[in-house]
>>> print(open('final23.txt').read())   # compact mmCIF, C-alpha atoms
# COMPACT_ATOMS: atom_id res chain seq x y z
CA MET M 1 125.64 86.71 52.89
CA GLN M 2 123.69 87.24 49.70
CA SER M 3 122.64 90.77 48.79
CA GLU M 4 120.47 92.26 46.06
CA ALA M 5 123.63 93.78 44.57
CA ALA M 6 125.01 90.27 44.18
CA THR M 7 121.93 89.10 42.22
CA PRO M 8 122.44 89.92 38.56
CA ARG M 9 119.39 90.40 36.41
CA ARG M 10 119.83 88.84 32.97
CA GLY M 11 123.49 88.91 33.73
CA ARG M 12 123.74 92.68 34.33
CA GLY M 13 122.78 95.13 37.08
CA ARG M 14 120.49 94.39 40.02
CA ARG M 15 116.77 93.80 40.20
CA PRO M 16 114.86 97.02 40.80
CA ALA M 17 113.68 97.38 44.40
CA ALA M 18 110.01 97.46 43.36
CA GLU M 19 110.42 94.13 41.59
CA VAL M 20 112.13 92.54 44.57
CA ARG M 21 109.48 93.90 46.87
CA ALA M 22 106.66 92.51 44.71
CA SER M 23 108.23 89.07 44.55
CA VAL M 24 108.80 89.02 48.31
CA LEU M 25 105.17 89.98 48.95
CA ARG M 26 104.00 87.30 46.51
CA ALA M 27 106.17 84.64 48.16
CA ALA M 28 104.92 85.66 51.63
CA ALA M 29 101.29 85.56 50.49
CA ASP M 30 101.78 82.09 48.98
CA LEU M 31 103.27 80.75 52.23
CA LEU M 32 100.55 82.42 54.29
CA LEU M 33 97.66 81.08 52.22
CA GLY M 34 99.23 77.68 51.68
CA GLU M 35 100.55 76.85 55.13
CA GLY M 36 99.31 79.50 57.55
CA ILE M 37 100.94 82.35 59.38
CA LYS M 38 103.53 80.21 61.18
CA ALA M 39 105.11 79.43 57.79
CA VAL M 40 105.83 83.12 57.14
CA THR M 41 109.39 83.47 58.47
CA PHE M 42 112.09 85.71 57.00
CA ASP M 43 114.10 82.57 56.21
CA ARG M 44 111.43 80.84 54.19
CA VAL M 45 110.19 83.97 52.41
CA ALA M 46 113.76 84.95 51.41
CA THR M 47 114.39 81.48 50.01
CA ALA M 48 111.06 81.36 48.14
CA ALA M 49 111.53 84.86 46.68
CA GLY M 50 115.19 84.33 45.81
CA SER M 51 115.96 87.42 47.85
CA SER M 52 118.36 88.13 50.71
CA LYS M 53 117.23 87.92 54.31
CA MET M 54 119.03 91.24 54.97
CA THR M 55 116.70 92.99 52.53
CA LEU M 56 113.67 91.60 54.36
CA TYR M 57 115.03 92.72 57.72
CA LYS M 58 115.62 96.16 56.24
CA TRP M 59 112.12 96.53 54.81
CA TRP M 60 109.91 94.86 57.39
CA PRO M 61 110.08 95.17 61.20
CA SER M 62 108.80 91.60 61.73
CA ALA M 63 107.75 88.55 59.73
CA GLY M 64 104.20 89.19 60.96
CA ALA M 65 104.23 92.71 59.52
CA LEU M 66 105.39 91.25 56.19
CA ALA M 67 102.59 88.65 56.35
CA ALA M 68 99.93 91.31 56.92
CA GLU M 69 101.16 93.53 54.09
CA ALA M 70 101.48 90.51 51.78
CA PHE M 71 97.95 89.33 52.48
CA PHE M 72 96.31 92.63 51.74
CA ALA M 73 98.55 93.39 48.73
CA HIS M 74 97.61 90.11 47.08
CA SER M 75 94.06 89.57 48.27
CA GLU M 76 91.31 90.19 45.79
CA GLN M 77 88.92 92.28 47.83
CA GLN M 78 88.71 95.97 47.28
CA LEU M 79 88.45 98.51 50.04
CA GLU M 80 85.63 100.09 48.09
CA PHE M 81 82.37 100.71 49.90
CA PRO M 82 79.35 100.57 47.58
CA ASP M 83 77.45 103.85 47.24
CA THR M 84 73.98 103.44 45.73
CA GLY M 85 72.49 106.18 47.88
CA ASP M 86 70.73 103.60 50.09
CA ILE M 87 72.83 102.98 53.20
CA ARG M 88 70.82 99.91 54.29
CA ALA M 89 71.41 98.23 50.94
CA ASP M 90 75.06 99.29 50.81
CA ILE M 91 75.88 98.02 54.31
CA THR M 92 74.11 94.75 53.56
CA THR M 93 76.10 94.26 50.34
CA GLN M 94 79.36 95.09 52.11
CA LEU M 95 78.70 92.86 55.14
CA ARG M 96 77.60 89.87 53.06
CA ALA M 97 80.81 90.13 51.03
CA PHE M 98 82.79 90.46 54.26
CA VAL M 99 81.17 87.36 55.75
CA ARG M 100 81.93 85.44 52.53
CA LEU M 101 85.57 86.50 52.91
CA LEU M 102 85.67 85.46 56.59
CA THR M 103 84.06 82.09 55.93
CA HIS M 104 85.98 81.32 52.74
CA ASP M 105 88.40 78.39 52.93
CA GLY M 106 91.75 79.86 53.69
CA THR M 107 91.03 83.59 53.91
CA GLY M 108 88.99 83.37 57.13
CA THR M 109 91.70 81.32 58.82
CA VAL M 110 94.38 83.70 57.55
CA ILE M 111 92.58 86.80 58.85
CA ALA M 112 91.93 85.08 62.20
CA GLY M 113 95.62 84.11 62.32
CA LEU M 114 96.73 87.67 61.53
CA ILE M 115 94.53 89.18 64.24
CA GLY M 116 95.53 86.36 66.60
CA ASN M 117 99.27 86.84 66.13
CA ALA M 118 98.83 90.62 66.25
CA GLN M 119 98.02 90.24 69.97
CA THR M 120 101.62 89.32 70.72
CA ASP M 121 103.37 91.01 67.73
CA PRO M 122 103.03 94.83 67.87
CA GLU M 123 104.58 95.20 64.39
CA LEU M 124 102.00 92.87 62.89
CA SER M 125 99.28 94.76 64.77
CA ALA M 126 100.52 98.05 63.29
CA ALA M 127 100.75 96.57 59.78
CA PHE M 128 97.23 95.10 60.01
CA SER M 129 95.90 98.48 61.02
CA ARG M 130 97.86 100.43 58.40
CA HIS M 131 97.19 98.12 55.45
CA TYR M 132 93.68 97.03 56.28
CA SER M 133 91.56 97.89 59.27
CA ALA M 134 92.19 101.62 59.62
CA PRO M 135 91.53 102.46 55.93
CA ARG M 136 88.42 100.23 55.99
CA ARG M 137 87.16 102.02 59.11
CA ALA M 138 87.74 105.41 57.45
CA LEU M 139 85.86 104.38 54.30
CA ALA M 140 82.93 103.05 56.31
CA VAL M 141 82.74 106.22 58.40
CA ALA M 142 82.84 108.35 55.21
CA ALA M 143 79.93 106.35 53.78
CA PHE M 144 78.03 106.74 57.06
CA GLU M 145 78.59 110.50 57.02
CA LYS M 146 77.10 110.76 53.54
CA ALA M 147 74.15 108.63 54.67
CA ARG M 148 73.65 110.86 57.70
CA ASP M 149 73.66 113.90 55.44
CA ARG M 150 70.94 112.21 53.36
CA GLY M 151 68.91 111.68 56.57
CA GLN M 152 69.36 107.90 56.59
CA LEU M 153 71.27 107.78 59.88
CA ARG M 154 70.52 109.64 63.09
CA ASP M 155 72.39 112.88 63.76
CA ASP M 156 73.24 112.02 67.35
CA ILE M 157 74.83 108.65 66.70
CA ASP M 158 78.54 107.81 67.02
CA LEU M 159 79.45 106.63 63.53
CA GLY M 160 82.75 105.09 64.65
CA ILE M 161 80.89 102.82 67.07
CA LEU M 162 78.70 101.69 64.19
CA VAL M 163 81.80 100.15 62.60
CA ASP M 164 82.35 97.98 65.69
CA GLN M 165 78.68 97.00 65.84
CA LEU M 166 78.79 95.73 62.25
CA TRP M 167 82.26 94.44 61.29
CA GLY M 168 83.30 93.91 64.92
CA ALA M 169 80.26 91.69 65.47
CA CYS M 170 81.32 89.53 62.50
CA TYR M 171 84.91 89.34 63.76
CA ASN M 172 83.52 88.22 67.11
CA ARG M 173 81.86 85.19 65.49
CA LEU M 174 85.08 84.46 63.59
CA LEU M 175 87.42 84.74 66.58
CA VAL M 176 85.19 83.39 69.35
CA PRO M 177 83.07 80.89 67.42
CA ASP M 178 80.27 80.21 69.89
CA ALA M 179 77.58 80.88 67.26
CA PRO M 180 77.47 80.54 63.44
CA LEU M 181 78.67 83.18 60.96
CA THR M 182 76.57 83.16 57.77
CA GLU M 183 75.23 85.60 55.18
CA GLU M 184 71.83 85.37 56.91
CA TYR M 185 73.61 86.54 60.04
CA ALA M 186 74.90 89.59 58.15
CA VAL M 187 71.39 90.47 56.96
CA ALA M 188 69.85 90.11 60.44
CA LEU M 189 72.73 92.08 61.96
CA VAL M 190 72.05 95.06 59.68
CA ALA M 191 68.39 95.06 60.77
CA ASN M 192 69.39 94.87 64.45
CA VAL M 193 71.88 97.73 64.09
CA LEU M 194 69.75 100.10 62.02
CA ASP M 195 66.38 99.49 63.65
CA GLY M 196 67.63 99.12 67.22
CA ALA M 197 66.84 96.53 69.86
CA ALA M 198 64.40 98.66 71.85
CA PRO M 199 60.76 98.83 70.68
CA ARG M 200 60.03 101.81 68.46
CA MET T 201 95.17 57.95 90.48
CA GLN T 202 95.45 60.24 93.43
CA SER T 203 92.66 60.13 95.98
CA GLU T 204 91.81 61.41 99.43
CA ALA T 205 92.11 57.83 100.75
CA ALA T 206 95.70 57.63 99.53
CA THR T 207 96.70 60.67 101.59
CA PRO T 208 97.27 59.48 105.14
CA ARG T 209 98.67 62.66 106.62
CA ARG T 210 100.40 65.90 105.80
CA GLY T 211 103.98 65.34 104.66
CA ARG T 212 103.40 61.71 103.70
CA GLY T 213 101.75 60.03 100.74
CA ARG T 214 100.28 61.80 97.74
CA ARG T 215 98.44 65.10 97.61
CA PRO T 216 94.72 64.84 96.83
CA ALA T 217 93.90 65.41 93.15
CA ALA T 218 91.75 68.45 93.89
CA GLU T 219 94.60 70.06 95.78
CA VAL T 220 97.09 69.36 93.01
CA ARG T 221 94.65 70.71 90.43
CA ALA T 222 94.10 73.91 92.40
CA SER T 223 97.83 74.51 92.82
CA VAL T 224 98.45 73.87 89.11
CA LEU T 225 95.71 76.35 88.16
CA ARG T 226 97.12 78.92 90.58
CA ALA T 227 100.65 78.50 89.22
CA ALA T 228 99.40 78.80 85.63
CA ALA T 229 97.39 81.94 86.47
CA ASP T 230 100.44 83.50 88.15
CA LEU T 231 102.63 82.85 85.10
CA LEU T 232 99.91 84.11 82.75
CA LEU T 233 99.29 87.35 84.63
CA GLY T 234 102.95 87.92 85.42
CA GLU T 235 104.63 87.12 82.14
CA GLY T 236 101.92 86.59 79.52
CA ILE T 237 100.58 83.56 77.71
CA LYS T 238 103.91 82.49 76.24
CA ALA T 239 105.18 81.78 79.76
CA VAL T 240 102.44 79.17 80.32
CA THR T 241 104.19 75.96 79.29
CA PHE T 242 103.67 72.53 80.88
CA ASP T 243 107.32 72.61 81.96
CA ARG T 244 107.17 75.90 83.82
CA VAL T 245 103.75 75.29 85.35
CA ALA T 246 104.78 71.84 86.61
CA THR T 247 107.91 73.27 88.20
CA ALA T 248 106.06 76.19 89.77
CA ALA T 249 103.28 73.95 91.12
CA GLY T 250 105.66 71.21 92.31
CA SER T 251 103.65 68.80 90.22
CA SER T 252 104.59 66.24 87.59
CA LYS T 253 104.43 67.15 83.92
CA MET T 254 102.69 63.81 83.27
CA THR T 255 99.78 64.91 85.45
CA LEU T 256 99.43 68.10 83.44
CA TYR T 257 99.49 66.21 80.14
CA LYS T 258 96.82 63.88 81.53
CA TRP T 259 94.50 66.66 82.66
CA TRP T 260 94.88 69.33 79.95
CA PRO T 261 95.01 68.84 76.17
CA SER T 262 97.33 71.83 75.68
CA ALA T 263 99.13 74.48 77.69
CA GLY T 264 96.76 77.02 76.13
CA ALA T 265 93.73 75.13 77.44
CA LEU T 266 95.32 75.12 80.90
CA ALA T 267 95.98 78.88 80.63
CA ALA T 268 92.35 79.60 79.73
CA GLU T 269 90.95 77.50 82.57
CA ALA T 270 93.46 78.99 85.01
CA PHE T 271 92.59 82.55 84.07
CA PHE T 272 88.87 82.14 84.54
CA ALA T 273 89.22 79.97 87.68
CA HIS T 274 91.32 82.65 89.38
CA SER T 275 89.91 85.85 87.95
CA GLU T 276 87.71 87.91 90.18
CA GLN T 277 84.81 88.68 87.89
CA GLN T 278 81.55 86.91 88.25
CA LEU T 279 79.54 85.63 85.32
CA GLU T 280 76.52 87.21 86.94
CA PHE T 281 74.40 89.53 84.83
CA PRO T 282 72.69 92.25 86.91
CA ASP T 283 68.89 92.09 86.93
CA THR T 284 67.27 95.27 88.18
CA GLY T 285 64.33 94.96 85.79
CA ASP T 286 65.74 97.73 83.55
CA ILE T 287 67.65 96.17 80.67
CA ARG T 288 69.23 99.47 79.56
CA ALA T 289 70.69 100.03 83.03
CA ASP T 290 71.74 96.40 83.40
CA ILE T 291 73.53 96.25 80.04
CA THR T 292 75.27 99.53 80.79
CA THR T 293 76.48 98.28 84.19
CA GLN T 294 77.68 95.01 82.65
CA LEU T 295 79.45 96.64 79.69
CA ARG T 296 81.19 99.27 81.80
CA ALA T 297 82.54 96.53 84.08
CA PHE T 298 83.59 94.55 80.99
CA VAL T 299 85.44 97.54 79.53
CA ARG T 300 87.19 98.07 82.87
CA LEU T 301 88.30 94.43 82.75
CA LEU T 302 89.51 94.75 79.14
CA THR T 303 91.41 97.97 79.82
CA HIS T 304 92.84 96.91 83.19
CA ASP T 305 96.61 96.46 83.36
CA GLY T 306 97.27 92.84 82.78
CA THR T 307 93.78 91.40 82.32
CA GLY T 308 93.11 93.06 78.95
CA THR T 309 96.41 91.85 77.58
CA VAL T 310 95.78 88.38 78.96
CA ILE T 311 92.31 88.13 77.40
CA ALA T 312 93.67 89.44 74.07
CA GLY T 313 96.48 86.88 74.31
CA LEU T 314 94.04 84.05 75.02
CA ILE T 315 91.80 84.93 72.07
CA GLY T 316 94.90 85.53 69.93
CA ASN T 317 96.48 82.17 70.69
CA ALA T 318 93.09 80.45 70.37
CA GLN T 319 93.28 81.19 66.62
CA THR T 320 96.04 78.62 66.21
CA ASP T 321 95.33 76.38 69.25
CA PRO T 322 91.96 74.58 68.95
CA GLU T 323 92.21 73.24 72.51
CA LEU T 324 92.64 76.75 73.88
CA SER T 325 89.74 77.91 71.71
CA ALA T 326 87.52 75.14 73.16
CA ALA T 327 88.62 75.93 76.73
CA PHE T 328 87.97 79.67 76.26
CA SER T 329 84.49 78.89 75.00
CA ARG T 330 83.70 76.32 77.70
CA HIS T 331 85.04 78.26 80.68
CA TYR T 332 84.11 81.77 79.60
CA SER T 333 82.52 82.95 76.40
CA ALA T 334 79.74 80.36 75.96
CA PRO T 335 78.38 80.64 79.53
CA ARG T 336 78.58 84.46 79.32
CA ARG T 337 76.67 84.40 76.03
CA ALA T 338 73.99 82.15 77.57
CA LEU T 339 73.58 84.44 80.61
CA ALA T 340 73.28 87.52 78.41
CA VAL T 341 70.68 85.87 76.17
CA ALA T 342 68.70 84.75 79.25
CA ALA T 343 68.70 88.36 80.53
CA PHE T 344 67.61 89.59 77.07
CA GLU T 345 64.74 87.07 77.01
CA LYS T 346 63.45 88.35 80.33
CA ALA T 347 63.73 91.93 79.06
CA ARG T 348 61.85 91.00 75.90
CA ASP T 349 59.10 89.45 78.02
CA ARG T 350 58.89 92.74 79.93
CA GLY T 351 58.52 94.58 76.60
CA GLN T 352 61.94 96.26 76.78
CA LEU T 353 63.33 94.57 73.67
CA ARG T 354 61.65 94.06 70.31
CA ASP T 355 59.98 90.70 69.67
CA ASP T 356 61.46 90.30 66.21
CA ILE T 357 65.09 90.80 67.15
CA ASP T 358 67.81 88.13 67.16
CA LEU T 359 69.00 88.16 70.78
CA GLY T 360 72.15 86.18 69.99
CA ILE T 361 73.27 88.86 67.54
CA LEU T 362 72.79 91.45 70.27
CA VAL T 363 75.61 89.76 72.19
CA ASP T 364 78.00 90.33 69.24
CA GLN T 365 76.84 93.94 68.84
CA LEU T 366 77.67 94.69 72.48
CA TRP T 367 80.53 92.54 73.79
CA GLY T 368 81.84 91.78 70.28
CA ALA T 369 82.11 95.51 69.58
CA CYS T 370 84.26 95.92 72.71
CA TYR T 371 86.45 92.95 71.77
CA ASN T 372 86.91 94.59 68.36
CA ARG T 373 88.43 97.70 69.97
CA LEU T 374 90.62 95.49 72.17
CA LEU T 375 91.88 93.22 69.37
CA VAL T 376 92.03 95.71 66.48
CA PRO T 377 92.84 98.92 68.36
CA ASP T 378 92.10 101.53 65.69
CA ALA T 379 89.89 103.54 68.07
CA PRO T 380 89.81 103.97 71.87
CA LEU T 381 88.03 101.67 74.33
CA THR T 382 86.64 103.56 77.32
CA GLU T 383 83.68 103.50 79.68
CA GLU T 384 82.19 106.40 77.70
CA TYR T 385 82.42 104.13 74.66
CA ALA T 386 80.40 101.48 76.52
CA VAL T 387 77.68 103.99 77.37
CA ALA T 388 77.43 105.32 73.79
CA LEU T 389 77.46 101.77 72.43
CA VAL T 390 74.41 100.83 74.51
CA ALA T 391 72.54 103.85 73.13
CA ASN T 392 73.54 102.94 69.56
CA VAL T 393 72.44 99.33 70.00
CA LEU T 394 69.14 99.92 71.75
CA ASP T 395 67.97 103.01 69.90
CA GLY T 396 69.23 102.01 66.45
CA ALA T 397 71.19 103.96 63.88
CA ALA T 398 68.27 104.76 61.60
CA PRO T 399 66.09 107.77 62.45
CA ARG T 400 63.02 106.87 64.49
>>> encode(input="final23.txt", output="structure tokens")
Amino acid sequence: MQSEAATPRRGRGRRPAAEVRASVLRAAADLLLGEGIKAVTFDRVATAAGSSKMTLYKWWPSAGALAAEAFFAHSEQQLEFPDTGDIRADITTQLRAFVRLLTHDGTGTVIAGLIGNAQTDPELSAAFSRHYSAPRRALAVAAFEKARDRGQLRDDIDLGILVDQLWGACYNRLLVPDAPLTEEYAVALVANVLDGAAPR
Amino acid sequence: MQSEAATPRRGRGRRPAAEVRASVLRAAADLLLGEGIKAVTFDRVATAAGSSKMTLYKWWPSAGALAAEAFFAHSEQQLEFPDTGDIRADITTQLRAFVRLLTHDGTGTVIAGLIGNAQTDPELSAAFSRHYSAPRRALAVAAFEKARDRGQLRDDIDLGILVDQLWGACYNRLLVPDAPLTEEYAVALVANVLDGAAPR
């Protein structure tokens, strides 16, 4: 059984853990984006990263958890939420970018695959939440709180629910594709959510 | 081909196709609810239903598609959308029942598993849409159109998007469980969606 200690670096010593970790995450992301989530197994990632399978078992509770961390570590998007002082404009910018991500060749399928596999892999579910959805939810809620303080959102509204109404609605069209997901959809969704469905 | 005409009497000849189909769907639903979606294989369903695997291959494009049809054929809920003439009350009734379904022992996990597996099984995705999500979407939109005609929903709103804002928001809490899904959530969601997040 191969171990990191048995892998000399330029002939001497072992590779630093951070370096091994980075190359494992890169290898996992490549497999995920190239062949889909089913390709991300400890076996294949270890081989591609030139690492030992024992190390992977030690660091990640499941191959799915590794896939989720790899995707978000190597994906381009920032967690940043724009803050121009106009919540309607900022949500629209954010949601359009999100829809582009979800409908982009590869990334949309990967995100759908991660959420899909998370339903039967609790470790992947936890990793998806930790590395992606929970921090995104927190950033959105923080932006909503500032907007509420500026008088742009109602005082009596549940800001957490707003996250589901916006990003959750987009996920719904990704995961249960009965109707199209487009940037125009994102724009109309923001109007629906902010202005309300009942007559004013 | 099995037919009524080919079944002379109980205990002799072949079972009618409709009877075989019903017993296959029942066996698949039992496996799905008892052990989860991974238990629904053509092998196990054929054995449990006392049917031939060839018949299952002939009738269903994938075990996932069979699982989806089985779940909705044998689940108790109706597709019915209440129509009391008050859209706010009707949506609230519908969403509370939906949240109860999603948070019920067994059914929530099964629905999450069906949507999850649908991400990598196109036949399951198609069956989920055909037997469940597309007809539900159509019924909701029809109810919204009647409400709009009564002046209870704005004329300029996209009624299809409203479906994602309501049921999609609940699915989001089921599939990406960063925040709780409760009947109180359903009630607050309806207020958010109808009244809008922006100050009136």
>>> atom_distance(input="final23.txt", atom1="atom CA of T:Arg350", atom2="atom CA of T:Arg336")
21.4 Å
>>> residues_around(input="final23.txt", residues="M:Leu189", least_positions_apart="3", cutoff="9 Å", atoms="all atoms listed in the file", output="list of chain:residue names")
M:Thr92, M:Gln165, M:Leu166, M:Ala169, M:Cys170, M:Glu184, M:Tyr185, M:Ala186, M:Asn192, M:Val193, M:Leu194, T:Asp358, T:Ile361, T:Leu362, T:Gln365
>>> interface_residues(input="final23.txt", of="chain T", to="chain M", cutoff="8 Å", atoms="all atoms listed in the file", output="VMD selection string")
chain T and resid 309 312 to 313 315 to 320 325 329 333 to 334 351 to 354 357 to 358 361 to 362 364 to 366 368 to 373 375 to 378 385 388 to 389 392 to 400
>>> atom_distance(input="final23.txt", atom1="atom CA of T:Thr241", atom2="atom CA of T:Ser223")
15.0 Å
>>> atom_distance(input="final23.txt", atom1="atom CA of M:Ile91", atom2="atom CA of M:His104")
19.6 Å
